[in-house]
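Student: See target.cif below, with mmCIF, C-alpha atoms.
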```cif
data_work
loop_
_atom_site.label_atom_id
_atom_site.label_comp_id
_atom_site.auth_asym_id
_atom_site.auth_seq_id
_atom_site.Cartn_x
_atom_site.Cartn_y
_atom_site.Cartn_z
CA MET O 11 -16.03 -13.46 23.80
CA GLN O 12 -12.32 -14.08 23.77
CA LEU O 13 -10.73 -13.22 20.47
CA GLU O 14 -8.36 -15.70 18.90
CA MET O 15 -5.43 -14.98 16.65
CA VAL O 16 -5.88 -17.01 13.51
CA GLN O 17 -3.11 -19.60 13.31
CA LEU O 18 -0.60 -19.46 10.52
CA SER O 19 -1.32 -21.79 7.64
CA ARG O 20 0.88 -24.89 7.77
CA VAL O 21 1.53 -24.54 4.07
CA VAL O 22 2.07 -20.81 3.62
CA PHE O 23 3.60 -18.22 5.93
CA ARG O 24 2.44 -14.69 5.22
CA LYS O 25 4.60 -11.89 6.57
CA TYR O 26 2.84 -8.60 7.18
CA GLY O 27 4.35 -5.15 7.03
CA ASN O 28 6.03 -5.51 3.64
CA PHE O 29 3.67 -3.11 1.92
CA ILE O 30 5.49 0.17 1.36
CA ASP O 31 3.86 3.60 1.21
CA ASN O 32 7.04 5.66 1.80
CA LEU O 33 10.45 5.27 0.21
CA ARG O 34 13.65 7.25 0.84
CA LEU O 35 16.06 7.65 -2.08
CA TYR O 36 19.46 9.19 -2.75
CA VAL O 37 19.55 11.14 -6.02
CA ARG O 38 22.39 13.03 -7.67
CA GLY O 39 22.66 14.81 -10.97
CA GLY O 40 25.50 13.74 -13.22
CA SER O 41 28.74 15.69 -13.25
CA GLY O 42 29.45 17.98 -16.18
CA GLY O 43 32.13 17.23 -18.78
CA MET O 44 35.49 18.98 -19.11
CA GLY O 45 35.71 22.04 -21.32
CA LEU O 46 38.38 22.36 -24.00
CA GLN O 47 40.43 25.47 -23.27
CA ARG O 48 42.41 25.35 -26.53
CA LEU O 49 39.26 25.80 -28.65
CA GLY O 50 37.03 27.41 -26.05
CA GLY O 51 34.79 24.33 -26.12
CA LYS O 52 32.15 23.73 -23.45
CA GLY O 53 31.78 20.37 -21.74
CA GLY O 54 28.39 18.67 -21.76
CA ASP O 55 26.07 19.25 -18.82
CA GLY O 56 25.45 16.31 -16.49
CA GLY O 57 22.23 14.36 -16.78
CA ASP O 58 19.26 15.26 -14.54
CA VAL O 59 17.29 12.87 -12.32
CA TRP O 60 13.50 12.75 -12.77
CA VAL O 61 10.64 11.00 -11.02
CA VAL O 62 8.00 9.95 -13.56
CA ALA O 63 4.50 8.59 -12.82
CA ALA O 64 3.84 5.27 -14.58
CA LYS O 65 1.30 2.43 -14.57
CA ASP O 66 1.82 -0.89 -12.78
CA ILE O 67 4.59 0.43 -10.53
CA THR O 68 4.69 0.15 -6.74
CA LEU O 69 7.16 1.50 -4.21
CA LYS O 70 7.98 -2.06 -3.21
CA ARG O 71 8.99 -2.88 -6.79
CA ILE O 72 11.31 0.13 -6.83
CA LYS O 73 12.91 -0.99 -3.57
CA ASP O 74 13.29 -4.58 -4.77
CA LYS O 75 14.74 -3.61 -8.15
CA PHE O 76 17.09 -0.95 -6.75
CA PRO O 77 18.06 -2.14 -3.24
CA GLN O 78 20.76 0.54 -2.95
CA LYS O 79 18.11 3.20 -3.61
CA ARG O 80 20.67 5.40 -5.38
CA PHE O 81 19.95 7.15 -8.69
CA VAL O 82 22.63 9.18 -10.46
CA GLY O 83 22.44 11.03 -13.78
CA GLY O 84 24.95 10.37 -16.54
CA VAL O 85 28.22 12.30 -16.81
CA GLY O 86 28.39 14.99 -19.50
CA ALA O 87 30.82 14.36 -22.34
CA ASN O 88 34.13 16.20 -22.42
CA SER O 89 34.41 18.82 -25.13
CA LYS O 90 36.25 17.61 -28.20
CA ALA O 91 35.45 20.64 -30.30
CA LEU O 92 32.71 23.13 -29.48
CA LYS O 93 30.32 21.46 -27.05
CA GLY O 94 30.17 18.05 -25.41
CA GLU O 95 26.94 16.05 -25.29
CA LYS O 96 24.71 16.25 -22.24
CA GLY O 97 24.83 13.26 -19.89
CA GLU O 98 21.93 10.81 -19.97
CA SER O 99 19.09 11.73 -17.64
CA LYS O 100 17.92 9.15 -15.11
CA GLU O 101 14.20 8.43 -14.75
CA ILE O 102 12.72 6.86 -11.63
CA LEU O 103 9.36 5.29 -12.54
CA ALA O 104 6.95 5.72 -9.62
CA PRO O 105 3.26 5.00 -8.94
CA VAL O 106 0.56 7.51 -9.78
CA GLY O 107 -0.57 9.30 -6.63
CA ILE O 108 2.88 10.08 -5.24
CA THR O 109 4.00 13.15 -3.33
CA VAL O 110 7.73 13.82 -3.73
CA THR O 111 9.40 15.58 -0.80
CA PHE O 112 12.85 16.43 0.45
CA ASP O 113 14.01 14.43 3.46
CA ASP O 114 12.90 17.25 5.78
CA GLY O 115 9.32 17.00 4.49
CA LYS O 116 9.34 20.03 2.18
CA ILE O 117 7.19 19.20 -0.85
CA ILE O 118 8.83 19.14 -4.27
CA GLY O 119 5.66 18.27 -6.13
CA HIS O 120 2.89 15.75 -6.86
CA LEU O 121 2.48 13.05 -9.51
CA ASN O 122 -1.27 12.75 -9.97
CA THR O 123 -1.59 11.31 -13.49
CA GLU O 124 0.40 8.95 -15.66
CA GLY O 125 3.25 10.77 -17.40
CA ASP O 126 3.61 13.53 -14.78
CA ARG O 127 7.30 14.17 -14.08
CA LEU O 128 9.39 16.10 -11.57
CA MET O 129 13.07 16.96 -11.70
CA VAL O 130 14.59 16.04 -8.34
CA ALA O 131 18.33 16.54 -9.04
CA LYS O 132 19.90 18.75 -11.67
CA GLY O 133 23.06 17.77 -13.48
CA GLY O 134 26.25 19.79 -13.08
CA ARG O 135 27.35 22.32 -15.68
CA GLY O 136 29.95 21.44 -18.23
CA GLY O 137 33.28 23.24 -18.02
CA CYS O 138 33.50 26.53 -19.93
CA MET O 139 35.52 29.74 -20.04
CA TYR O 140 33.63 31.14 -17.02
CA SER O 141 34.69 28.17 -14.87
CA ALA O 142 38.24 27.85 -16.18
CA PHE O 143 36.83 24.96 -18.25
CA GLN O 144 36.33 22.91 -15.08
CA PRO O 145 32.95 21.13 -14.73
CA SER O 146 30.72 21.20 -11.68
CA ARG O 147 29.22 18.23 -9.89
CA GLY O 148 25.52 17.50 -9.99
CA LYS O 149 23.27 18.30 -7.05
CA ALA O 150 22.90 15.49 -4.50
CA LYS O 151 19.75 15.14 -2.37
CA LEU O 152 17.79 12.75 -0.20
CA ILE O 153 14.15 12.60 -1.27
CA ARG O 154 11.06 10.68 -0.26
CA LEU O 155 8.30 9.18 -2.35
CA ASP O 156 5.07 9.18 -0.34
CA LEU O 157 1.96 7.36 -1.54
CA LYS O 158 -0.92 9.73 -0.85
CA LEU O 159 -3.34 7.86 1.41
CA ILE O 160 -7.06 8.48 1.60
CA ALA O 161 -7.41 6.64 4.92
CA ASP O 162 -5.62 4.56 7.52
CA PHE O 163 -7.95 1.59 6.96
CA GLY O 164 -10.00 0.49 3.96
CA LEU O 165 -13.13 -1.66 4.30
CA VAL O 166 -12.97 -4.64 1.92
CA GLY O 167 -16.10 -6.67 1.23
CA PHE O 168 -18.71 -7.79 -1.22
CA PRO O 169 -21.87 -5.66 -1.51
CA ASN O 170 -24.25 -5.72 1.44
CA ALA O 171 -21.69 -7.17 3.86
CA GLY O 172 -22.53 -4.30 6.21
CA LYS O 173 -19.54 -2.05 5.54
CA SER O 174 -21.58 1.15 5.54
CA SER O 175 -23.41 0.18 8.72
CA LEU O 176 -20.08 -0.64 10.36
CA LEU O 177 -18.58 2.71 9.41
CA THR O 178 -21.61 4.50 10.85
CA ALA O 179 -21.41 2.48 14.08
CA MET O 180 -17.70 3.24 14.53
CA SER O 181 -17.44 6.83 13.35
CA ASN O 182 -19.06 10.12 12.41
CA ALA O 183 -19.62 9.17 8.76
CA THR O 184 -23.13 8.95 7.32
CA PRO O 185 -22.92 6.76 4.20
CA GLU O 186 -26.04 5.55 2.41
CA ILE O 187 -27.36 2.35 3.99
CA ALA O 188 -29.99 0.04 2.47
CA SER O 189 -30.85 -3.65 2.15
CA TYR O 190 -29.72 -3.86 -1.48
CA PRO O 191 -26.20 -4.17 -2.91
CA PHE O 192 -24.04 -1.35 -4.27
CA THR O 193 -25.14 1.41 -1.89
CA THR O 194 -21.56 2.70 -1.88
CA VAL O 195 -20.49 4.14 -5.23
CA ARG O 196 -17.70 6.38 -3.97
CA PRO O 197 -15.49 6.30 -0.89
CA HIS O 198 -16.92 7.54 2.39
CA ILE O 199 -14.33 8.52 4.99
CA GLY O 200 -15.16 8.18 8.66
CA LYS O 201 -13.09 9.32 11.65
CA LEU O 202 -12.71 7.04 14.66
CA MET O 203 -12.38 9.21 17.77
CA TYR O 204 -10.57 8.10 20.92
CA LYS O 205 -10.62 9.47 24.46
CA ASP O 206 -7.08 10.86 24.12
CA TYR O 207 -8.18 12.74 20.94
CA LYS O 208 -6.43 10.30 18.64
CA GLN O 209 -8.20 10.07 15.25
CA ILE O 210 -8.04 7.17 12.79
CA SER O 211 -9.60 7.38 9.34
CA VAL O 212 -11.55 4.50 7.77
CA ALA O 213 -12.74 4.43 4.16
CA ASP O 214 -15.89 2.61 3.08
CA LEU O 215 -15.11 1.68 -0.52
CA PRO O 216 -17.36 0.51 -3.37
CA GLY O 217 -18.29 -3.16 -2.93
CA LEU O 218 -16.39 -5.78 -4.89
CA ILE O 219 -17.95 -8.49 -7.00
CA GLU O 220 -16.36 -11.63 -8.39
CA GLY O 221 -14.34 -10.58 -11.41
CA ALA O 222 -13.49 -7.14 -10.02
CA HIS O 223 -9.88 -7.52 -11.18
CA LEU O 224 -11.26 -7.62 -14.72
CA ASN O 225 -13.03 -4.31 -13.99
CA LYS O 226 -16.46 -5.90 -13.58
CA GLY O 227 -18.81 -3.85 -11.46
CA MET O 228 -16.76 -1.01 -10.00
CA GLY O 229 -13.70 -3.25 -9.79
CA HIS O 230 -10.87 -0.95 -10.75
CA VAL O 231 -12.44 2.00 -8.94
CA PHE O 232 -12.45 -0.01 -5.72
CA LEU O 233 -9.03 -1.55 -6.17
CA LYS O 234 -7.44 1.78 -7.03
CA HIS O 235 -8.67 3.25 -3.73
CA ILE O 236 -7.49 0.22 -1.75
CA GLU O 237 -3.92 1.08 -2.75
CA ARG O 238 -4.32 4.37 -0.86
CA THR O 239 -4.97 2.82 2.57
CA LYS O 240 -2.42 1.61 5.15
CA GLN O 241 -4.28 -1.46 6.36
CA LEU O 242 -7.36 -3.48 5.46
CA LEU O 243 -10.55 -4.45 7.26
CA TYR O 244 -12.16 -7.41 5.53
CA VAL O 245 -15.89 -7.38 6.31
CA VAL O 246 -17.96 -10.54 5.74
CA ASP O 247 -21.49 -11.64 6.59
CA VAL O 248 -21.20 -14.52 9.06
CA CYS O 249 -24.05 -16.31 7.28
CA GLY O 250 -22.61 -15.93 3.80
CA PHE O 251 -23.43 -13.89 0.72
CA GLN O 252 -25.32 -14.14 -2.57
CA LEU O 253 -25.15 -11.25 -5.03
CA ALA O 254 -28.26 -12.23 -7.02
CA SER O 255 -30.74 -15.10 -7.31
CA LYS O 256 -28.79 -16.69 -10.17
CA ALA O 257 -25.40 -16.14 -8.56
CA PRO O 258 -23.80 -18.88 -6.42
CA PHE O 259 -24.16 -18.67 -2.66
CA ARG O 260 -20.84 -18.10 -0.89
CA SER O 261 -20.18 -19.00 2.74
CA ALA O 262 -18.18 -16.65 4.97
CA PHE O 263 -15.04 -18.73 4.36
CA GLU O 264 -15.54 -18.70 0.59
CA THR O 265 -16.17 -14.95 0.73
CA VAL O 266 -12.85 -14.35 2.50
CA GLN O 267 -10.92 -16.39 -0.06
CA LEU O 268 -12.68 -14.79 -3.03
CA LEU O 269 -11.91 -11.31 -1.69
CA THR O 270 -8.28 -12.36 -1.27
CA LYS O 271 -8.15 -13.70 -4.82
CA GLU O 272 -9.61 -10.52 -6.32
CA LEU O 273 -6.95 -8.42 -4.59
CA GLU O 274 -4.24 -10.89 -5.63
CA LEU O 275 -5.25 -10.87 -9.29
CA TYR O 276 -5.35 -7.08 -9.44
CA LYS O 277 -2.08 -6.37 -7.60
CA GLU O 278 -0.45 -8.98 -5.40
CA GLU O 279 1.31 -6.36 -3.26
CA LEU O 280 -2.07 -5.39 -1.78
CA LEU O 281 -1.99 -8.63 0.19
CA LEU O 282 1.12 -7.42 2.02
CA LYS O 283 -1.00 -4.91 3.91
CA PRO O 284 -1.83 -5.88 7.51
CA ALA O 285 -5.45 -7.06 7.68
CA ILE O 286 -8.15 -7.63 10.29
CA LEU O 287 -11.18 -9.82 9.55
CA VAL O 288 -14.48 -8.39 10.77
CA VAL O 289 -17.29 -10.97 10.95
CA ASN O 290 -20.53 -8.98 10.85
CA LYS O 291 -24.20 -9.72 11.61
CA MET O 292 -23.55 -11.73 14.76
CA ASP O 293 -27.10 -10.91 15.86
CA LEU O 294 -28.51 -13.38 13.29
CA THR O 295 -29.76 -16.86 14.17
CA SER O 296 -27.04 -19.54 14.23
CA ALA O 297 -24.31 -16.87 13.98
CA GLU O 298 -22.25 -18.41 16.81
CA ASP O 299 -22.12 -21.80 15.08
CA LYS O 300 -21.20 -20.16 11.77
CA LEU O 301 -18.40 -18.20 13.45
CA LEU O 302 -16.89 -21.33 15.00
CA GLU O 303 -17.03 -23.04 11.60
CA LEU O 304 -15.31 -20.07 9.94
CA LYS O 305 -12.52 -19.99 12.53
CA GLU O 306 -11.91 -23.70 12.09
CA GLN O 307 -11.70 -23.29 8.33
CA LEU O 308 -9.31 -20.33 8.60
CA GLN O 309 -6.93 -22.34 10.79
CA LYS O 310 -6.42 -24.87 7.97
CA PRO O 311 -7.67 -23.13 4.81
CA GLU O 312 -5.92 -25.54 2.46
CA ASP O 313 -8.17 -28.36 3.75
CA PHE O 314 -11.26 -26.49 2.54
CA SER O 315 -9.98 -25.14 -0.78
CA ASP O 316 -12.17 -27.66 -2.65
CA LEU O 317 -15.12 -25.40 -1.79
CA LEU O 318 -13.81 -22.88 -4.33
CA PRO O 319 -13.51 -22.97 -8.14
CA ASP O 320 -9.94 -23.89 -9.09
CA ASP O 321 -9.30 -20.50 -10.69
CA MET O 322 -10.41 -18.65 -7.56
CA ILE O 323 -8.15 -20.37 -5.01
CA PRO O 324 -5.60 -17.79 -3.75
CA LYS O 325 -1.90 -18.54 -4.13
CA ASN O 326 -1.46 -17.59 -0.48
CA PHE O 327 -4.20 -17.81 2.11
CA THR O 328 -4.56 -14.63 4.14
CA THR O 329 -3.43 -14.70 7.75
CA PHE O 330 -5.40 -12.10 9.69
CA LYS O 331 -3.99 -10.27 12.68
CA GLN O 332 -7.36 -10.67 14.40
CA VAL O 333 -10.78 -12.19 13.72
CA VAL O 334 -13.37 -9.90 15.29
CA PRO O 335 -17.08 -10.82 15.60
CA ILE O 336 -19.40 -7.79 15.61
CA SER O 337 -22.93 -6.67 14.91
CA ALA O 338 -23.05 -3.25 13.27
CA SER O 339 -26.80 -3.06 13.85
CA THR O 340 -26.73 -3.74 17.62
CA GLY O 341 -23.27 -2.37 18.43
CA PHE O 342 -21.93 -5.68 19.71
CA GLY O 343 -18.11 -5.80 19.49
CA ILE O 344 -17.68 -2.28 18.08
CA ASP O 345 -15.64 -0.87 21.00
CA ASN O 346 -13.38 -3.92 20.96
CA LEU O 347 -12.87 -3.55 17.21
CA LYS O 348 -11.91 0.11 17.60
CA SER O 349 -9.32 -0.84 20.22
CA LEU O 350 -7.82 -3.52 17.96
CA ILE O 351 -7.68 -1.10 15.03
CA ARG O 352 -5.68 1.35 17.09
CA GLU O 353 -3.34 -1.36 18.40
CA SER O 354 -2.63 -2.48 14.84
CA LEU O 355 -1.78 1.04 13.63
CA ASP O 356 0.37 1.76 16.68
CA GLU O 357 2.31 -1.46 16.10
CA GLU O 358 2.89 -0.56 12.44
CA ALA O 359 4.09 2.95 13.37
CA GLU O 360 6.53 1.54 15.92
CA ASN O 361 7.95 -0.91 13.37
CA ALA O 362 8.31 1.87 10.78
CA THR O 363 10.20 4.07 13.24
CA GLU O 364 12.63 1.26 14.04
CA ALA O 365 13.18 0.66 10.32
CA VAL O 366 14.01 4.35 9.70
CA HIS O 367 16.50 4.38 12.58
CA GLU O 368 18.18 1.25 11.25
CA GLU O 369 18.35 2.71 7.74
CA ARG O 370 20.01 5.92 8.97
CA LEU O 371 22.45 3.92 11.09
CA GLN O 372 23.48 1.95 8.02
CA GLU O 373 23.99 5.19 6.08
CA LEU O 374 26.28 6.55 8.82
CA ARG O 375 28.28 3.32 8.79
CA HIS O 376 28.62 3.56 5.03
CA GLN O 377 29.87 7.17 5.26
CA VAL O 378 32.42 6.22 7.94
CA GLN O 379 33.72 3.36 5.77
CA GLN O 380 34.12 5.69 2.78
CA ARG O 381 36.12 8.19 4.81
CA SER O 382 38.45 5.61 6.32
#
```
As C-alpha cells, how would this structure be written, given the file I've shared?

Tutor:
Amino acid sequence: MQLEMVQLSRVVFRKYGNFIDNLRLYVRGGSGGMGLQRLGGKGGDGGDVWVVAAKDITLKRIKDKFPQKRFVGGVGANSKALKGEKGESKEILAPVGITVTFDDGKIIGHLNTEGDRLMVAKGGRGGCMYSAFQPSRGKAKLIRLDLKLIADFGLVGFPNAGKSSLLTAMSNATPEIASYPFTTVRPHIGKLMYKDYKQISVADLPGLIEGAHLNKGMGHVFLKHIERTKQLLYVVDVCGFQLASKAPFRSAFETVQLLTKELELYKEELLLKPAILVVNKMDLTSAEDKLLELKEQLQKPEDFSDLLPDDMIPKNFTTFKQVVPISASTGFGIDNLKSLIRESLDEEAENATEAVHEERLQELRHQVQQRS
C-alpha cells in the first residue's frame, strides 16, 4: 500500500523541528570591582552565573526569551572604604532533567529535581593588595544544556491502542500485553535493530485518558516522560476507541485530535516534536474503509471539528510526517514503519548538524566584526 504524506491544513501550517532538546549558551562571570589602595580596601567580587532547575521551563522558552544566548554576572562594586559589594549573580532557569556540559561534552553536572543549581561561571576577584588593587575578569565559557532523553521515539495513545503489541513487534522489549486498558504503568524501552547495527530506542508510555493534562489517570506521569523523547509515534485503533461502557466512543480521527489536545493543554511545545501517525489493527474487518475515511478527515481536519466537544478542539491540527497503516498482531507494515522511523531521525540529525554549523559561522562573523 502506497503511503501518503498528509496534506498541510489549509488553515494552519505546522512547522516541525522547533522542539529543542539541546541549547548552547555563552556564560561569563562578572568582573571584580577596583580596590582602594589609599585605604587598603578590597573591590567586590564579580557575580557568578548559575543554572537552576525550575518548573514550567523549556529550552525553547530560554532561546526565545534570550535570543543572544549570553548570560553575564554583575560587576563587583569598587571599594569606597573597606570592601565593595559583590556583583549580582545571574540565574538561568532551566527545565528539570537537564545535563549541563562544557562545549566539548565534559559534564559539569545534572539538574534532576526542582531547585537543583550548578555554578557554570565564577565571577572575577575584586582588586586587593595582592593584585595591586586591580580586579580580575570573570571566567567565560561556552556550555550546553542537554535534556536527558529516555528514548528517540515515544508511543502516544489511549489505552489498548496496541502500543505494547507494536513495541514487541518492532523490538526486543517484552511489555505486558492484555485485552484490557492500562497494561502499561511505567515506560518500557525497546531497541529497534537495523542491518547496519544502527539502534533506535522507542518508549511505550502509560496510556493517556481524556483529562490527562489535569492529571487524571496517569496523566502527568505520561506527559512528563513524553518530554524526554525526540519524536512521537501516535498510535490509534483504526476502528476507534472506547475507554469504558459509559464513556463516549471515539473514532480514529477523534482519537488523534483528543491526543493532540491533551498534549497541547499540558505543554504546547510538545506539539513541535516531529510526529508519525501509526494506524493499528488493520487486520480487523472494514479496516481499509476506516483508513480511507481517516486520511480524508486528516487532509481537511477543520471540516470535521464538529465531531469534537468545543473544549477539546486543538488550536492547531497536527500535521504528521507520515500516516502508516500496520497490524501489530500480524506484522503487516512493521518493516515499513521501522524504515520510516529511521528516515525521520536521520533527517532530524542532518538538520541539527546544519543548524550547529550555521550557529558557529555566525559566532565567527561576530568575533571578526568585534576585532575590526

Student: Given the file shown, determine the residues that the PyMOL selection byres ((chain O and resi 148-153) around 8) selects; report them as a list in words.

Tutor: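 Going through the file, the PyMOL selection byres ((chain O and resi 148-153) around 8) ends up selecting Arg34, Leu35, Tyr36, Val37, Arg38, Gly39, Gly40, Ser41, Gly42, Gly56, Val110, Thr111, Phe112, Asp113, Val130, Ala131, Lys132, Gly133, Gly134, Arg135, Ser146, Arg147, Arg154 and Leu155 of chain O.
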
Student: Show me the residues around (34.9, 18.4, -14.7) - criterion: an atom at most 10 Å away, only C-alpha atoms counted - as a ChimeraX atom specification.

Tutor: /O:41-45,53-56,85-88,134-138,141,143-147

Student: Quick one: of O:Lys325, O:Lys158, O:Lys173, O:Lys234, who's nearest to Val246 (chain O), counting all atoms listed in the file?

Tutor: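 Of the candidates, the smallest distance to Val246 (chain O) is held by O:Lys173.
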
Student: Considering only C-alpha atoms, can you say which of O:Val378, O:Ile236, O:Ile210, O:Cys249 comes closest to Arg352 (chain O)?

Tutor: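 For Arg352 (chain O), the nearest of the given residues is O:Ile210.
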
Student: Within 7 Å of region 331-339 of chain O, counting all atoms listed in the file, which residues qualify if same-chain residues fewer than 2 places away don't, as a PyMOL selection string?

Tutor: chain O and resi 13-16+175-176+179+285-293+329+341-344+347

Student: Quick one: of O:Leu281, O:Leu355, O:Ala64, O:Ala262, who's nearest to Glu306 (chain O), counting all atoms listed in the file?

Tutor: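 Smallest separation from Glu306 (chain O) among the options: O:Ala262.
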
Student: Please measure the separation of CA of Val248 (chain O) and CA of Ser315 (chain O), giving the value in Å to one decimal.

Tutor: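 About the pair CA of Val248 (chain O) and CA of Ser315 (chain O): they are 18.3 Å apart.
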
Student: Between O:Leu282, O:Leu302, O:Val266, O:Ala63, which is the closest to Leu318 (chain O) once you count all atoms listed in the file?

Tutor: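 Under the stated criterion, the closest residue is O:Val266.
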
Student: Nearest to Asn326 (chain O): which of O:Lys271, O:Leu121, O:Glu364, O:Leu157 is it, counting only C-alpha atoms?

Tutor: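 Ranked by minimum distance to Asn326 (chain O), first place goes to O:Lys271.
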
Student: So the first atom is CA of Asp214 (chain O) and the second is CA of Leu165 (chain O); what is the distance between them in Å, to one decimal place?

Tutor: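 Between CA of Asp214 (chain O) and CA of Leu165 (chain O) the gap works out to 5.2 Å.
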
Student: Would you kindly return, as a PDB file with C-alpha atoms, in the coordinates of the input, each protein, DNA or RNA residue with an atom no farther than 8 Å from any atom of Asn122 (chain O), considering only C-alpha atoms and excluding same-chain residues fewer than 5 positions away?

Tutor:
```
ATOM      1  CA  ALA O  63       4.500   8.590 -12.820  1.00  0.00           C
ATOM      2  CA  VAL O 106       0.560   7.510  -9.780  1.00  0.00           C
ATOM      3  CA  GLY O 107      -0.570   9.300  -6.630  1.00  0.00           C
ATOM      4  CA  ILE O 108       2.880  10.080  -5.240  1.00  0.00           C
TER       5      ILE O 108
END
```

Student: From the set O:Asp345, O:Glu101, O:Glu358, O:Glu272, which residue has the shortest atom-to-atom contact distance to Gly167 (chain O), counting only C-alpha atoms?

Tutor: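 Between O:Asp345, O:Glu101, O:Glu358, O:Glu272, the residue approaching Gly167 (chain O) most closely is O:Glu272.
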
Student: How would you write, as a ChimeraX atom specification, the residues chosen by the PyMOL selection byres ((chain O and resi 129) around 9) on this structure?

Tutor: /O:58-62,118,127-128,130-132

Student: Assuming 4 Å of padding per side, give the centre and edge lengths of the axis-aligned box around every listed atom of region 198-212 of chain O, in Å to one decimal and as AutoDock Vina command-line options.

Tutor:
```
--center_x -11.7 --center_y 8.6 --center_z 13.4 --size_x 18.5 --size_y 16.2 --size_z 30.1
```

Student: Mind pulling up the distance from CA of Lys201 (chain O) to CA of Ile351 (chain O)?

Tutor: 12.2 Å

Student: Can you list, as a PyMOL selection string, the residues that the PyMOL selection byres ((chain O and resi 71) around 12) selects here?

Tutor: chain O and resi 28-31+33+66-70+72-77+79+102-105+277-279

Student: Mind listing as a PyMOL selection string all residues within 7 Å of (31.0, 26.0, -25.7), counting all atoms listed in the file?

Tutor: chain O and resi 50-53+92-93+138

Student: When you look at Thr239 (chain O) with a cut-off of 7 Å (counting all atoms listed in the file), what residues show up, excluding the ones that are within fewer than 3 positions of it in the same chain? I need them as an MDAnalysis selection string.

Tutor: chainID O and resid 159:164 236

Student: Taking only C-alpha atoms, show region 45-91 of chain O of the given structure as a PDB file, in the first residue's frame.

Tutor:
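Contents of the output file part_36.pdb:
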```
ATOM      1  CA  GLY O  45      40.313  48.058  45.147  1.00  0.00           C
ATOM      2  CA  LEU O  46      41.085  51.256  47.045  1.00  0.00           C
ATOM      3  CA  GLN O  47      44.850  51.473  47.519  1.00  0.00           C
ATOM      4  CA  ARG O  48      44.729  54.505  49.830  1.00  0.00           C
ATOM      5  CA  LEU O  49      42.744  52.598  52.492  1.00  0.00           C
ATOM      6  CA  GLY O  50      43.699  49.068  51.511  1.00  0.00           C
ATOM      7  CA  GLY O  51      40.082  48.409  50.526  1.00  0.00           C
ATOM      8  CA  LYS O  52      39.093  45.347  48.501  1.00  0.00           C
ATOM      9  CA  GLY O  53      36.815  45.608  45.486  1.00  0.00           C
ATOM     10  CA  GLY O  54      33.691  43.450  45.367  1.00  0.00           C
ATOM     11  CA  ASP O  55      33.901  40.097  43.619  1.00  0.00           C
ATOM     12  CA  GLY O  56      32.016  39.735  40.339  1.00  0.00           C
ATOM     13  CA  GLY O  57      28.697  37.918  40.285  1.00  0.00           C
ATOM     14  CA  ASP O  58      28.588  34.195  39.422  1.00  0.00           C
ATOM     15  CA  VAL O  59      26.399  32.547  36.771  1.00  0.00           C
ATOM     16  CA  TRP O  60      24.184  29.644  37.858  1.00  0.00           C
ATOM     17  CA  VAL O  61      21.873  27.208  36.095  1.00  0.00           C
ATOM     18  CA  VAL O  62      18.841  26.475  38.279  1.00  0.00           C
ATOM     19  CA  ALA O  63      16.179  23.781  37.706  1.00  0.00           C
ATOM     20  CA  ALA O  64      12.650  25.214  37.724  1.00  0.00           C
ATOM     21  CA  LYS O  65       9.091  24.185  36.849  1.00  0.00           C
ATOM     22  CA  ASP O  66       7.328  25.128  33.608  1.00  0.00           C
ATOM     23  CA  ILE O  67      10.539  25.997  31.774  1.00  0.00           C
ATOM     24  CA  THR O  68      11.607  24.627  28.395  1.00  0.00           C
ATOM     25  CA  LEU O  69      14.782  25.116  26.399  1.00  0.00           C
ATOM     26  CA  LYS O  70      12.729  26.732  23.657  1.00  0.00           C
ATOM     27  CA  ARG O  71      11.454  29.353  26.100  1.00  0.00           C
ATOM     28  CA  ILE O  72      15.023  30.151  27.127  1.00  0.00           C
ATOM     29  CA  LYS O  73      16.034  30.558  23.487  1.00  0.00           C
ATOM     30  CA  ASP O  74      13.010  32.721  22.682  1.00  0.00           C
ATOM     31  CA  LYS O  75      13.434  34.952  25.739  1.00  0.00           C
ATOM     32  CA  PHE O  76      17.213  35.313  25.367  1.00  0.00           C
ATOM     33  CA  PRO O  77      17.924  35.119  21.605  1.00  0.00           C
ATOM     34  CA  GLN O  78      21.539  36.230  22.112  1.00  0.00           C
ATOM     35  CA  LYS O  79      22.039  33.299  24.492  1.00  0.00           C
ATOM     36  CA  ARG O  80      24.532  35.316  26.556  1.00  0.00           C
ATOM     37  CA  PHE O  81      24.455  35.420  30.361  1.00  0.00           C
ATOM     38  CA  VAL O  82      26.883  37.611  32.316  1.00  0.00           C
ATOM     39  CA  GLY O  83      27.162  38.112  36.075  1.00  0.00           C
ATOM     40  CA  GLY O  84      27.053  41.585  37.597  1.00  0.00           C
ATOM     41  CA  VAL O  85      30.197  43.673  38.101  1.00  0.00           C
ATOM     42  CA  GLY O  86      31.530  43.906  41.658  1.00  0.00           C
ATOM     43  CA  ALA O  87      31.379  47.337  43.281  1.00  0.00           C
ATOM     44  CA  ASN O  88      34.534  49.414  43.570  1.00  0.00           C
ATOM     45  CA  SER O  89      35.862  49.769  47.089  1.00  0.00           C
ATOM     46  CA  LYS O  90      34.868  53.023  48.745  1.00  0.00           C
ATOM     47  CA  ALA O  91      36.149  52.077  52.163  1.00  0.00           C
TER      48      ALA O  91
END
```
